[in-house]
>>> print(open('model-v7.cif').read())   # mmCIF, C-alpha atoms and all ligand atoms
data_coords
loop_
_atom_site.label_atom_id
_atom_site.label_comp_id
_atom_site.auth_asym_id
_atom_site.auth_seq_id
_atom_site.Cartn_x
_atom_site.Cartn_y
_atom_site.Cartn_z
CA VAL A 46 126.36 -3.47 134.25
CA GLN A 47 123.56 -0.95 134.01
CA HIS A 48 120.01 -1.21 135.22
CA HIS A 49 116.99 0.28 133.50
CA LEU A 50 113.38 0.17 134.71
CA LEU A 51 110.69 0.04 132.05
CA LYS A 52 107.17 0.80 133.22
CA PRO A 53 105.09 -0.74 130.46
CA GLU A 54 101.67 0.60 131.37
CA PRO A 55 100.23 3.55 133.21
CA GLY A 56 98.86 2.55 136.60
CA PRO A 57 99.81 -0.35 138.81
CA ALA A 58 101.20 -2.57 136.00
CA PRO A 59 104.34 -4.55 136.77
CA GLU A 60 107.67 -3.10 135.71
CA THR A 61 110.28 -4.77 133.56
CA SER A 62 113.71 -4.78 135.13
CA ILE A 63 116.35 -4.55 132.39
CA VAL A 64 119.94 -5.47 133.25
CA VAL A 65 122.53 -4.76 130.56
CA GLY A 66 126.21 -5.62 130.46
CA ALA A 67 128.76 -8.41 130.71
CA GLY A 68 127.69 -10.51 133.71
CA ALA A 69 124.01 -9.47 133.64
CA LEU A 70 123.09 -13.16 133.85
CA ASP A 71 124.17 -13.12 137.49
CA ALA A 72 120.82 -11.46 138.22
CA LEU A 73 118.92 -14.58 137.07
CA PRO A 74 118.56 -16.17 140.55
CA ILE A 75 116.91 -12.99 141.90
CA THR A 76 114.37 -12.91 139.07
CA VAL A 77 113.14 -16.44 139.75
CA GLN A 78 113.37 -16.30 143.55
CA GLY A 79 110.43 -17.94 145.30
CA ALA A 80 109.06 -19.70 142.22
CA PRO A 81 108.36 -23.41 142.82
CA LEU A 82 109.22 -24.22 139.20
CA VAL A 83 111.27 -22.59 136.44
CA LEU A 84 110.43 -23.45 132.83
CA ALA A 85 113.61 -22.68 130.88
CA VAL A 86 113.19 -22.62 127.09
CA ALA A 87 116.36 -22.33 125.03
CA ASP A 88 117.35 -22.20 121.37
CA ARG A 89 118.20 -25.84 120.57
CA SER A 90 121.54 -24.82 119.05
CA LEU A 91 122.53 -23.04 122.30
CA ALA A 92 121.07 -25.35 124.93
CA ARG A 93 123.99 -27.77 125.07
CA GLY A 94 126.78 -25.23 124.58
CA PRO A 95 128.26 -22.53 126.83
CA VAL A 96 125.06 -20.43 126.80
CA GLY A 97 122.90 -23.29 128.08
CA GLU A 98 125.64 -24.17 130.56
CA ALA A 99 125.77 -20.60 131.93
CA VAL A 100 122.00 -20.47 132.37
CA ARG A 101 121.84 -23.90 134.01
CA ALA A 102 124.62 -22.92 136.45
CA ARG A 103 122.74 -19.77 137.56
CA LEU A 104 119.48 -21.70 137.98
CA ALA A 105 121.28 -24.38 139.98
CA ALA A 106 122.65 -21.64 142.24
CA ALA A 107 119.09 -20.33 142.69
CA GLU A 108 118.10 -23.76 144.06
CA VAL A 109 114.76 -23.80 142.25
CA ARG A 110 113.30 -26.81 140.51
CA THR A 111 114.01 -26.33 136.81
CA GLU A 112 112.71 -28.04 133.67
CA LEU A 113 114.64 -27.33 130.49
CA PHE A 114 113.11 -27.32 126.99
CA ALA A 115 114.92 -26.85 123.68
CA ILE A 116 113.17 -25.42 120.62
CA GLU A 117 114.22 -24.62 117.08
CA ALA A 118 115.10 -21.07 115.96
CA SER A 119 113.65 -20.84 112.47
CA GLU A 120 110.85 -18.67 111.07
CA GLN A 121 109.05 -21.92 110.13
CA ALA A 122 109.23 -23.17 113.70
CA LYS A 123 108.00 -19.79 114.99
CA SER A 124 104.55 -21.30 114.96
CA LEU A 125 101.44 -22.11 116.98
CA ALA A 126 102.60 -25.74 116.86
CA ALA A 127 105.74 -24.77 118.80
CA VAL A 128 103.64 -22.81 121.32
CA SER A 129 101.22 -25.69 121.71
CA ALA A 130 104.10 -28.12 122.29
CA LEU A 131 105.37 -25.84 125.09
CA TRP A 132 101.89 -25.65 126.70
CA ASP A 133 101.67 -29.46 126.72
CA ALA A 134 105.18 -29.89 128.09
CA TRP A 135 104.59 -27.31 130.83
CA LEU A 136 101.33 -28.98 131.82
CA GLU A 137 103.18 -32.31 131.87
CA ALA A 138 105.78 -30.76 134.18
CA GLY A 139 102.99 -29.69 136.54
CA ALA A 140 103.45 -25.96 136.01
CA GLY A 141 100.89 -23.79 137.78
CA ARG A 142 100.38 -20.03 137.76
CA ASP A 143 103.33 -19.56 140.08
CA ALA A 144 105.84 -21.05 137.61
CA VAL A 145 108.28 -18.66 135.89
CA VAL A 146 109.35 -19.01 132.27
CA VAL A 147 112.91 -18.17 131.20
CA ALA A 148 113.50 -17.70 127.43
CA VAL A 149 117.07 -18.02 126.16
CA GLY A 150 117.85 -17.11 122.56
CA GLY A 151 117.33 -14.60 119.77
CA GLY A 152 114.11 -12.89 118.72
CA ILE A 153 112.51 -16.08 117.46
CA ILE A 154 112.89 -17.80 120.82
CA THR A 155 111.76 -14.81 122.90
CA ASP A 156 108.74 -14.21 120.59
CA VAL A 157 107.57 -17.85 120.74
CA THR A 158 108.32 -18.43 124.41
CA GLY A 159 106.93 -15.05 125.47
CA PHE A 160 103.67 -15.83 123.65
CA ALA A 161 103.46 -19.28 125.26
CA ALA A 162 103.93 -17.58 128.66
CA ALA A 163 101.32 -14.93 127.77
CA SER A 164 98.71 -17.56 127.02
CA TYR A 165 99.48 -20.48 129.37
CA LEU A 166 96.86 -20.44 132.16
CA ARG A 167 95.98 -16.96 130.78
CA GLY A 168 99.46 -15.69 131.47
CA ILE A 169 102.42 -16.52 133.68
CA PRO A 170 105.53 -14.38 134.28
CA TRP A 171 108.62 -14.69 132.12
CA VAL A 172 112.23 -13.54 131.94
CA ALA A 173 113.95 -12.81 128.62
CA ILE A 174 117.62 -13.64 128.11
CA PRO A 175 118.40 -12.34 124.60
CA THR A 176 121.46 -13.85 122.88
CA THR A 177 121.60 -11.73 119.71
CA VAL A 178 122.13 -8.00 119.10
CA ILE A 179 118.63 -7.80 117.56
CA GLY A 180 117.27 -9.50 120.65
CA ILE A 181 118.98 -7.09 123.04
CA ALA A 182 118.26 -3.88 121.13
CA ASP A 183 114.80 -4.77 119.90
CA ALA A 184 112.99 -8.11 120.18
CA ALA A 185 113.25 -8.67 123.95
CA ILE A 186 112.22 -5.09 124.80
CA GLY A 187 108.62 -3.91 124.95
CA GLY A 188 106.63 -7.08 125.52
CA LYS A 189 105.51 -7.84 121.97
CA THR A 190 105.34 -11.62 121.59
CA GLY A 191 103.91 -13.86 118.90
CA VAL A 192 104.21 -16.37 116.09
CA ASN A 193 103.92 -16.55 112.30
CA LEU A 194 101.00 -17.98 110.33
CA SER A 195 101.51 -19.56 106.90
CA ARG A 196 100.00 -16.36 105.40
CA GLY A 197 102.49 -14.02 107.03
CA LYS A 198 104.90 -13.14 109.84
CA ASN A 199 103.91 -12.15 113.37
CA LEU A 200 100.15 -12.32 112.72
CA VAL A 201 99.20 -13.83 116.09
CA GLY A 202 100.49 -12.62 119.41
CA ALA A 203 100.07 -10.73 122.64
CA ILE A 204 101.61 -7.88 124.58
CA HIS A 205 103.11 -9.57 127.64
CA PRO A 206 106.11 -7.67 129.05
CA PRO A 207 108.75 -9.89 130.69
CA ARG A 208 109.35 -9.35 134.40
CA ALA A 209 113.05 -8.94 133.58
CA VAL A 210 115.40 -8.75 130.61
CA LEU A 211 118.95 -9.91 131.23
CA ALA A 212 121.16 -8.75 128.35
CA ASP A 213 124.52 -10.37 129.01
CA PHE A 214 127.17 -9.72 126.32
CA ASP A 215 129.10 -12.83 127.37
CA LEU A 216 126.29 -14.84 125.76
CA LEU A 217 127.02 -13.23 122.38
CA ALA A 218 130.50 -14.77 122.20
CA SER A 219 129.39 -17.53 119.82
CA LEU A 220 127.33 -15.22 117.60
CA PRO A 221 128.85 -15.21 114.08
CA ASP A 222 130.47 -11.87 113.09
CA GLU A 223 127.95 -11.22 110.33
CA ASP A 224 124.94 -11.64 112.63
CA TYR A 225 126.63 -9.53 115.30
CA ARG A 226 127.50 -6.71 112.89
CA ASP A 227 124.20 -6.59 110.96
CA GLY A 228 122.20 -6.49 114.20
CA TRP A 229 123.66 -3.05 114.95
CA SER A 230 121.48 -1.45 112.28
CA GLU A 231 118.62 -1.56 114.82
CA VAL A 232 120.87 0.45 117.16
CA VAL A 233 121.55 2.95 114.35
CA LYS A 234 117.77 3.15 113.90
CA ALA A 235 117.33 4.02 117.58
CA GLY A 236 119.74 6.92 117.12
CA VAL A 237 118.02 8.24 114.01
CA ILE A 238 114.52 8.18 115.50
CA ALA A 239 115.23 9.39 119.03
CA ASP A 240 118.88 9.93 119.97
CA ALA A 241 121.04 11.88 117.49
CA PRO A 242 124.15 11.82 119.75
CA LEU A 243 123.89 8.00 119.76
CA LEU A 244 124.23 8.01 115.97
CA ALA A 245 127.45 10.04 116.24
CA ASP A 246 128.74 7.86 119.07
CA LEU A 247 128.13 4.69 117.04
CA THR A 248 130.30 6.09 114.24
CA ALA A 249 132.99 7.18 116.69
CA ARG A 250 133.02 3.89 118.60
CA ALA A 251 132.52 1.55 115.64
CA GLN A 252 135.97 -0.02 115.86
CA ARG A 253 135.53 -0.82 119.54
CA ILE A 254 132.03 -2.14 118.93
CA LEU A 255 133.27 -4.40 116.13
CA ALA A 256 135.99 -5.64 118.48
CA ARG A 257 133.12 -6.46 120.89
CA ASP A 258 134.49 -4.17 123.57
CA PRO A 259 132.00 -4.63 126.45
CA VAL A 260 132.21 -1.00 127.56
CA ALA A 261 131.47 0.34 124.07
CA MET A 262 128.61 -2.16 123.76
CA GLU A 263 127.15 -1.24 127.12
CA GLU A 264 127.33 2.52 126.51
CA THR A 265 125.47 2.25 123.22
CA LEU A 266 123.08 -0.69 123.69
CA ILE A 267 121.63 0.74 126.91
CA ARG A 268 120.61 3.84 124.93
CA ALA A 269 119.00 1.81 122.13
CA ILE A 270 117.07 -0.11 124.78
CA ALA A 271 116.01 3.17 126.40
CA VAL A 272 114.74 4.45 123.03
CA LYS A 273 112.66 1.34 122.37
CA ALA A 274 111.36 1.29 125.94
CA ALA A 275 110.36 4.97 125.79
CA VAL A 276 108.57 4.62 122.45
CA VAL A 277 106.64 1.57 123.66
CA GLU A 278 105.74 3.24 126.96
CA LYS A 279 104.38 6.41 125.31
CA ASP A 280 102.61 4.39 122.61
CA LEU A 281 100.34 2.77 125.18
CA LEU A 282 98.75 6.19 125.67
CA GLU A 283 98.85 7.40 122.07
CA GLY A 284 98.42 4.55 119.61
CA SER A 285 100.56 5.31 116.58
CA ARG A 286 103.89 6.52 117.98
CA ARG A 287 105.15 2.96 117.86
CA GLU A 288 105.15 3.11 114.04
CA ILE A 289 108.43 5.04 114.21
CA LEU A 290 110.11 1.73 115.16
CA ASN A 291 109.41 0.75 111.54
CA PHE A 292 111.75 3.44 110.21
CA GLY A 293 113.84 1.79 107.47
CA HIS A 294 111.59 -1.27 107.53
CA THR A 295 109.06 -0.40 104.79
CA VAL A 296 111.84 -0.37 102.21
CA GLY A 297 113.81 -2.96 104.19
CA HIS A 298 111.05 -5.59 104.19
CA ALA A 299 110.41 -5.03 100.46
CA LEU A 300 114.13 -5.52 99.78
CA GLU A 301 114.09 -8.74 101.83
CA HIS A 302 111.20 -10.03 99.67
CA ALA A 303 112.62 -8.78 96.37
CA THR A 304 115.93 -10.53 97.02
CA GLY A 305 114.30 -13.80 98.06
CA ASN A 306 115.43 -13.32 101.67
CA THR A 307 119.11 -13.40 100.74
CA LEU A 308 119.72 -10.08 102.52
CA SER A 309 119.97 -10.26 106.31
CA HIS A 310 117.32 -8.24 108.16
CA GLY A 311 119.99 -5.83 109.43
CA ARG A 312 121.43 -5.19 105.96
CA ALA A 313 117.96 -4.68 104.48
CA VAL A 314 117.07 -2.23 107.26
CA ALA A 315 120.36 -0.34 106.77
CA ALA A 316 119.61 0.07 103.04
CA GLY A 317 116.01 0.93 103.92
CA MET A 318 117.04 3.62 106.41
CA VAL A 319 119.32 5.36 103.90
CA ALA A 320 116.60 5.29 101.21
CA GLU A 321 113.83 6.42 103.58
CA ALA A 322 116.11 9.20 104.83
CA VAL A 323 116.53 10.38 101.21
CA LEU A 324 112.73 10.48 100.98
CA ALA A 325 112.54 12.34 104.31
CA VAL A 326 114.91 15.00 102.96
CA THR A 327 112.60 15.64 99.99
CA LEU A 328 109.68 15.97 102.45
CA GLY A 329 111.61 18.45 104.59
CA ARG A 330 111.68 16.06 107.56
CA LEU A 331 115.46 15.53 107.62
CA GLY A 332 118.37 17.80 106.74
CA GLN A 333 120.41 17.21 103.56
CA ASP A 334 123.23 15.51 105.45
CA ALA A 335 121.07 12.85 107.22
CA PRO A 336 121.29 10.07 104.58
CA GLU A 337 125.07 10.48 104.57
CA LEU A 338 125.28 10.39 108.39
CA ILE A 339 123.24 7.17 108.50
CA ALA A 340 125.28 5.57 105.71
CA THR A 341 128.49 6.58 107.47
CA ALA A 342 127.40 4.98 110.75
CA CYS A 343 126.34 1.76 109.01
CA GLY A 344 129.54 1.73 106.96
CA ALA A 345 131.72 2.23 110.04
CA LEU A 346 129.94 -0.69 111.71
CA GLY A 347 130.68 -2.83 108.65
CA ILE A 348 127.04 -3.16 107.59
CA PRO A 349 126.80 -3.25 103.78
CA TRP A 350 124.01 -0.71 103.30
CA ARG A 351 124.24 -0.17 99.55
CA VAL A 352 121.86 -2.31 97.49
CA GLU A 353 123.08 -3.76 94.23
CA SER A 354 121.76 -2.11 91.09
CA THR A 355 120.70 -5.60 90.01
CA ILE A 356 117.71 -5.49 92.33
CA ASP A 357 114.47 -6.45 90.55
CA GLU A 358 112.49 -3.20 90.58
CA ALA A 359 109.15 -4.81 89.72
CA ALA A 360 109.59 -7.31 92.55
CA PHE A 361 110.51 -4.45 94.89
CA VAL A 362 107.35 -2.49 94.02
CA ALA A 363 105.21 -5.65 94.30
CA ALA A 364 106.68 -6.36 97.72
CA LEU A 365 106.06 -2.76 98.85
CA SER A 366 102.42 -3.17 97.86
CA VAL A 367 101.81 -6.23 100.03
CA ASP A 368 103.25 -4.43 103.04
CA LYS A 369 100.57 -4.42 105.72
CA LYS A 370 100.99 -0.66 106.18
CA ARG A 371 99.52 -0.07 102.69
CA ARG A 372 96.30 1.90 102.19
CA ALA A 373 94.62 2.26 98.77
CA GLY A 374 97.72 2.10 96.57
CA ARG A 375 99.66 4.44 98.83
CA ILE A 376 102.45 3.22 101.09
CA ARG A 377 102.76 4.27 104.73
CA VAL A 378 106.29 5.15 105.82
CA ALA A 379 107.25 6.16 109.35
CA LEU A 380 109.78 9.01 109.35
CA PRO A 381 111.48 11.13 112.01
CA ASP A 382 110.67 14.86 112.20
CA SER A 383 114.35 15.70 112.39
CA LEU A 384 117.46 13.72 113.21
CA GLY A 385 116.87 12.11 116.63
CA ALA A 386 113.27 13.31 117.02
CA HIS A 387 109.85 12.03 116.02
CA SER A 388 106.21 12.92 116.70
CA SER A 389 103.33 10.87 118.09
CA SER A 390 102.02 10.27 114.54
CA PRO A 391 105.18 9.67 112.51
CA SER A 392 103.72 8.01 109.38
CA VAL A 393 103.16 9.63 106.00
CA GLU A 394 101.54 8.19 102.87
CA VAL A 395 103.63 8.19 99.73
CA ASP A 396 103.55 6.73 96.24
CA PRO A 397 105.55 3.49 95.76
CA GLN A 398 107.46 5.29 92.98
CA ASP A 399 108.72 7.85 95.52
CA LEU A 400 110.46 4.99 97.33
CA VAL A 401 111.87 3.58 94.08
CA ALA A 402 113.30 7.02 93.31
CA ALA A 403 114.74 7.34 96.83
CA LEU A 404 116.37 3.92 96.51
CA HIS A 405 118.02 5.03 93.25
CA VAL A 406 119.37 8.20 94.83
CA ALA A 407 120.65 6.18 97.80
CA SER A 408 122.45 3.69 95.56
CA ARG A 409 124.31 6.56 93.88
CA MET A 410 125.49 8.11 97.15
CA ALA A 411 129.20 8.55 97.59
CA SER A 412 130.07 6.99 100.96
N1 LIG A 501 108.96 -8.82 119.53
C1 LIG A 501 109.55 -7.80 118.93
O1 LIG A 501 109.33 -6.64 119.27
C2 LIG A 501 110.54 -8.10 117.83
C3 LIG A 501 111.39 -7.09 117.38
C4 LIG A 501 112.34 -7.39 116.42
C5 LIG A 501 112.42 -8.68 115.90
N2 LIG A 501 111.57 -9.66 116.35
C6 LIG A 501 111.65 -11.02 115.83
O2 LIG A 501 112.94 -11.54 116.12
C7 LIG A 501 113.32 -12.48 115.11
C8 LIG A 501 114.72 -12.15 114.64
O3 LIG A 501 115.58 -12.07 115.75
P1 LIG A 501 117.01 -12.78 115.78
O4 LIG A 501 117.82 -12.37 114.61
O5 LIG A 501 117.55 -12.57 117.14
O6 LIG A 501 116.56 -14.31 115.48
P2 LIG A 501 116.95 -15.76 115.89
O7 LIG A 501 116.38 -16.12 117.18
O8 LIG A 501 116.55 -16.59 114.75
O9 LIG A 501 118.54 -15.82 115.92
C9 LIG A 501 119.25 -15.76 114.70
C10 LIG A 501 120.17 -16.98 114.52
O10 LIG A 501 121.26 -16.88 115.44
C11 LIG A 501 121.37 -18.07 116.22
N3 LIG A 501 121.84 -17.62 117.54
C12 LIG A 501 121.14 -16.92 118.46
N4 LIG A 501 121.93 -16.59 119.49
C13 LIG A 501 123.16 -17.09 119.21
C14 LIG A 501 124.40 -17.06 119.90
N5 LIG A 501 124.56 -16.40 121.05
N6 LIG A 501 125.45 -17.73 119.35
C15 LIG A 501 125.31 -18.36 118.15
N7 LIG A 501 124.17 -18.39 117.45
C16 LIG A 501 123.11 -17.76 117.99
C17 LIG A 501 120.02 -18.71 116.19
O11 LIG A 501 120.09 -20.11 116.40
C18 LIG A 501 119.55 -18.35 114.79
O12 LIG A 501 120.06 -19.26 113.85
C19 LIG A 501 112.28 -12.39 114.02
O13 LIG A 501 111.41 -13.49 114.09
C20 LIG A 501 111.53 -11.11 114.33
O14 LIG A 501 110.17 -11.15 113.90
C21 LIG A 501 110.64 -9.38 117.31
ZN ZN A 502 113.91 -4.83 112.52
#
>>> encode(input="model-v7.cif", output="structure tokens")
Amino acid sequence: VQHHLLKPEPGPAPETSIVVGAGALDALPITVQGAPLVLAVADRSLARGPVGEAVRARLAAAEVRTELFAIEASEQAKSLAAVSALWDAWLEAGAGRDAVVVAVGGGIITDVTGFAAASYLRGIPWVAIPTTVIGIADAAIGGKTGVNLSRGKNLVGAIHPPRAVLADFDLLASLPDEDYRDGWSEVVKAGVIADAPLLADLTARAQRILARDPVAMEETLIRAIAVKAAVVEKDLLEGSRREILNFGHTVGHALEHATGNTLSHGRAVAAGMVAEAVLAVTLGRLGQDAPELIATACGALGIPWRVESTIDEAAFVAALSVDKKRRAGRIRVALPDSLGAHSSSPSVEVDPQDLVAALHVASRMAS
């Protein structure tokens, strides 16, 4: 188990204590010590199974009064209505400013619960217990919380860093293989944007990662977490560095739309990273071999990164154009400066057709 301290803001802001590894959940009692009330919010599908059981056991050991709430993990339920229901339930339970919230689940649960904690009585502390690879490598790190509106995803929210993140691999045991595997594309992304040796290590350790070897997971996930934490930390002083976290996502989101959300987020981002890397080569930002290195890492991890040639090109371009990063017909894409390095203003403006062309080149790549 490794420990990482994320200082989210310059000055006397509280730090986030990040514990990563099999058994990290054992730190839960320490994180809620002294609180008169713990408000535990879990993914409904996990609350009654082994994950809920493990969390309840640690809270019982902490000897703190605990109220447990179960919520639904769907993009539809990632809503203000869900947040409002939590506020009411917490009020009903008599929660004051000294209560501590514990969120147990994937990115949907940590986004909703974190936002409820950010806004309840103008903000109470929370602890994130991510139960997906996306949650560990991305969603639970950095303090971004929020909900969807009917007009779009993640349109309302707050920055409210959790007091602690407990990333315990034992909680991933029930995660279906496809979700587990596809989530690693966010780890590949971390390597491409800020840690080139991580990209090579992911390829080298892919078999062990797919076998869910806890040591291989720990060695790689801690570095993806460190990348996200560092980008978020520096962004608070600079403003646009954070855009690099969208690498692979401009094309990825458009592919998700164009395929009617039949592609998993991880698969779409894998395809998006290869295509955006092809574009980056033409702009002189990445070396010739970068698209191949990214495709090789994704392939080794079992993530299908190649998009079918049947993709509806008109729908893809239309989806690119509604992307919120768009400015006057041009598309903003965040690219590294070289493999494993990026600047404080990573975005460039390109023509949608440049991305169509890059996607074509990517789909013809050998590996
Ligand atoms: N705040 C951020 O910085 C940030 C970053 C990335 C993604 N996100 C958000 O995260 C969400 C996606 O994250 P996600 O994929 O973790 O979503 P999720 O919470 O929907 O989990 C995916 C699915 O896996 C199930 N599940 C979760 N843990 C499980 C486990 N251990 N065993 C079995 N099933 C399990 C869930 O019930 C759900 O059906 C999106 O809403 C996205 O916007 C936020
Ligand atoms: Zn993503």
>>> residues_around(input="model-v7.cif", residues="range 65-68 of chain A", least_positions_apart="6", cutoff="7 Å", atoms="only C-alpha atoms", output="list of chain:residue names")
A:Val46, A:Gln47, A:His48, A:Leu211, A:Ala212, A:Asp213, A:Phe214, A:Asp215, A:Pro259, A:Glu263, A:Ile267
>>> closest_residue(input="model-v7.cif", among="A:Ile186, A:Val367, A:Ala303, A:Val393", to="Val352 in chain A", atoms="only C-alpha atoms")
A:Ala303
>>> atom_distance(input="model-v7.cif", atom1="atom N7 of ligand LIG 501 (chain A)", atom2="CA of Ile154 in chain A")
11.8 Å
>>> atom_distance(input="model-v7.cif", atom1="CA of Leu136 in chain A", atom2="CA of Gly159 in chain A")
16.3 Å
>>> residues_around(input="model-v7.cif", residues="Val237 in chain A", least_positions_apart="3", cutoff="10 Å", atoms="all atoms listed in the file", output="PDB file with C-alpha atoms, in the coordinates of the input")
ATOM      1  CA  GLU A 231     118.620  -1.560 114.820  1.00  0.00           C
ATOM      2  CA  VAL A 232     120.870   0.450 117.160  1.00  0.00           C
ATOM      3  CA  VAL A 233     121.550   2.950 114.350  1.00  0.00           C
ATOM      4  CA  LYS A 234     117.770   3.150 113.900  1.00  0.00           C
ATOM      5  CA  ASP A 240     118.880   9.930 119.970  1.00  0.00           C
ATOM      6  CA  ALA A 241     121.040  11.880 117.490  1.00  0.00           C
ATOM      7  CA  PRO A 242     124.150  11.820 119.750  1.00  0.00           C
ATOM      8  CA  LEU A 243     123.890   8.000 119.760  1.00  0.00           C
ATOM      9  CA  LEU A 244     124.230   8.010 115.970  1.00  0.00           C
ATOM     10  CA  ALA A 245     127.450  10.040 116.240  1.00  0.00           C
ATOM     11  CA  PHE A 292     111.750   3.440 110.210  1.00  0.00           C
ATOM     12  CA  MET A 318     117.040   3.620 106.410  1.00  0.00           C
ATOM     13  CA  ALA A 322     116.110   9.200 104.830  1.00  0.00           C
ATOM     14  CA  ALA A 335     121.070  12.850 107.220  1.00  0.00           C
ATOM     15  CA  LEU A 338     125.280  10.390 108.390  1.00  0.00           C
ATOM     16  CA  ILE A 339     123.240   7.170 108.500  1.00  0.00           C
ATOM     17  CA  LEU A 380     109.780   9.010 109.350  1.00  0.00           C
ATOM     18  CA  PRO A 381     111.480  11.130 112.010  1.00  0.00           C
ATOM     19  CA  SER A 383     114.350  15.700 112.390  1.00  0.00           C
ATOM     20  CA  LEU A 384     117.460  13.720 113.210  1.00  0.00           C
ATOM     21  CA  GLY A 385     116.870  12.110 116.630  1.00  0.00           C
ATOM     22  CA  ALA A 386     113.270  13.310 117.020  1.00  0.00           C
ATOM     23  CA  HIS A 387     109.850  12.030 116.020  1.00  0.00           C
TER      24      HIS A 387
END
>>> residues_near_point(input="model-v7.cif", point="(115.7, 12.5, 104.0)", cutoff="10 Å", atoms="all atoms listed in the file", output="PyMOL selection string")
chain A and resi 318-337+380-384+403
>>> residues_near_point(input="model-v7.cif", point="(108.1, 3.2, 113.4)", cutoff="10 Å", atoms="only C-alpha atoms", output="PDB file with C-alpha atoms, in the frame of the given file")
ATOM      1  CA  LYS A 234     117.770   3.150 113.900  1.00  0.00           C
ATOM      2  CA  ILE A 238     114.520   8.180 115.500  1.00  0.00           C
ATOM      3  CA  VAL A 276     108.570   4.620 122.450  1.00  0.00           C
ATOM      4  CA  SER A 285     100.560   5.310 116.580  1.00  0.00           C
ATOM      5  CA  ARG A 286     103.890   6.520 117.980  1.00  0.00           C
ATOM      6  CA  ARG A 287     105.150   2.960 117.860  1.00  0.00           C
ATOM      7  CA  GLU A 288     105.150   3.110 114.040  1.00  0.00           C
ATOM      8  CA  ILE A 289     108.430   5.040 114.210  1.00  0.00           C
ATOM      9  CA  LEU A 290     110.110   1.730 115.160  1.00  0.00           C
ATOM     10  CA  ASN A 291     109.410   0.750 111.540  1.00  0.00           C
ATOM     11  CA  PHE A 292     111.750   3.440 110.210  1.00  0.00           C
ATOM     12  CA  GLY A 293     113.840   1.790 107.470  1.00  0.00           C
ATOM     13  CA  HIS A 294     111.590  -1.270 107.530  1.00  0.00           C
ATOM     14  CA  THR A 295     109.060  -0.400 104.790  1.00  0.00           C
ATOM     15  CA  VAL A 378     106.290   5.150 105.820  1.00  0.00           C
ATOM     16  CA  ALA A 379     107.250   6.160 109.350  1.00  0.00           C
ATOM     17  CA  LEU A 380     109.780   9.010 109.350  1.00  0.00           C
ATOM     18  CA  PRO A 381     111.480  11.130 112.010  1.00  0.00           C
ATOM     19  CA  HIS A 387     109.850  12.030 116.020  1.00  0.00           C
ATOM     20  CA  SER A 390     102.020  10.270 114.540  1.00  0.00           C
ATOM     21  CA  PRO A 391     105.180   9.670 112.510  1.00  0.00           C
ATOM     22  CA  SER A 392     103.720   8.010 109.380  1.00  0.00           C
TER      23      SER A 392
END
>>> atom_distance(input="model-v7.cif", atom1="CA of His205 in chain A", atom2="CA of Arg103 in chain A")
24.2 Å
>>> residues_near_ligand(input="model-v7.cif", ligand="ligand LIG 501 (chain A)", cutoff="9 Å", atoms="only C-alpha atoms and all ligand atoms", output="ChimeraX atom specification")
/A:88-91,96,117-120,123,149-157,159,175-193,198-199,204,214-221,224,228,231,309-311
>>> residues_around(input="model-v7.cif", residues="Ser408 in chain A", least_positions_apart="4", cutoff="8 Å", atoms="only C-alpha atoms", output="PDB file with C-alpha atoms, keeping the file's coordinate frame")
ATOM      1  CA  ARG A 351     124.240  -0.170  99.550  1.00  0.00           C
ATOM      2  CA  VAL A 352     121.860  -2.310  97.490  1.00  0.00           C
ATOM      3  CA  GLU A 353     123.080  -3.760  94.230  1.00  0.00           C
ATOM      4  CA  SER A 354     121.760  -2.110  91.090  1.00  0.00           C
ATOM      5  CA  LEU A 404     116.370   3.920  96.510  1.00  0.00           C
TER       6      LEU A 404
END
>>> residues_around(input="model-v7.cif", residues="Arg167 in chain A", least_positions_apart="2", cutoff="12 Å", atoms="all atoms listed in the file", output="PDB file with C-alpha atoms, in the frame of the given file")
ATOM      1  CA  TRP A 132     101.890 -25.650 126.700  1.00  0.00           C
ATOM      2  CA  GLY A 141     100.890 -23.790 137.780  1.00  0.00           C
ATOM      3  CA  ARG A 142     100.380 -20.030 137.760  1.00  0.00           C
ATOM      4  CA  PHE A 160     103.670 -15.830 123.650  1.00  0.00           C
ATOM      5  CA  ALA A 161     103.460 -19.280 125.260  1.00  0.00           C
ATOM      6  CA  ALA A 162     103.930 -17.580 128.660  1.00  0.00           C
ATOM      7  CA  ALA A 163     101.320 -14.930 127.770  1.00  0.00           C
ATOM      8  CA  SER A 164      98.710 -17.560 127.020  1.00  0.00           C
ATOM      9  CA  TYR A 165      99.480 -20.480 129.370  1.00  0.00           C
ATOM     10  CA  ILE A 169     102.420 -16.520 133.680  1.00  0.00           C
ATOM     11  CA  PRO A 170     105.530 -14.380 134.280  1.00  0.00           C
ATOM     12  CA  ALA A 203     100.070 -10.730 122.640  1.00  0.00           C
ATOM     13  CA  HIS A 205     103.110  -9.570 127.640  1.00  0.00           C
TER      14      HIS A 205
END
>>> decode(input="model-v7.cif", residues="range 266-277 of chain A", atoms="C-alpha atoms", output="compact mmCIF listing (two decimals), in the first residue's frame")
# COMPACT_ATOMS: atom_id res chain seq x y z
CA LEU A 266 -2.03 3.15 -10.76
CA ILE A 267 -0.07 5.17 -8.19
CA ARG A 268 1.75 6.87 -11.09
CA ALA A 269 -1.48 7.64 -12.97
CA ILE A 270 -2.85 9.15 -9.76
CA ALA A 271 0.33 11.20 -9.35
CA VAL A 272 -0.02 12.52 -12.91
CA LYS A 273 -3.63 13.60 -12.40
CA ALA A 274 -2.83 15.09 -8.99
CA ALA A 275 0.13 17.06 -10.37
CA VAL A 276 -1.83 18.44 -13.33
CA VAL A 277 -4.70 19.53 -11.09
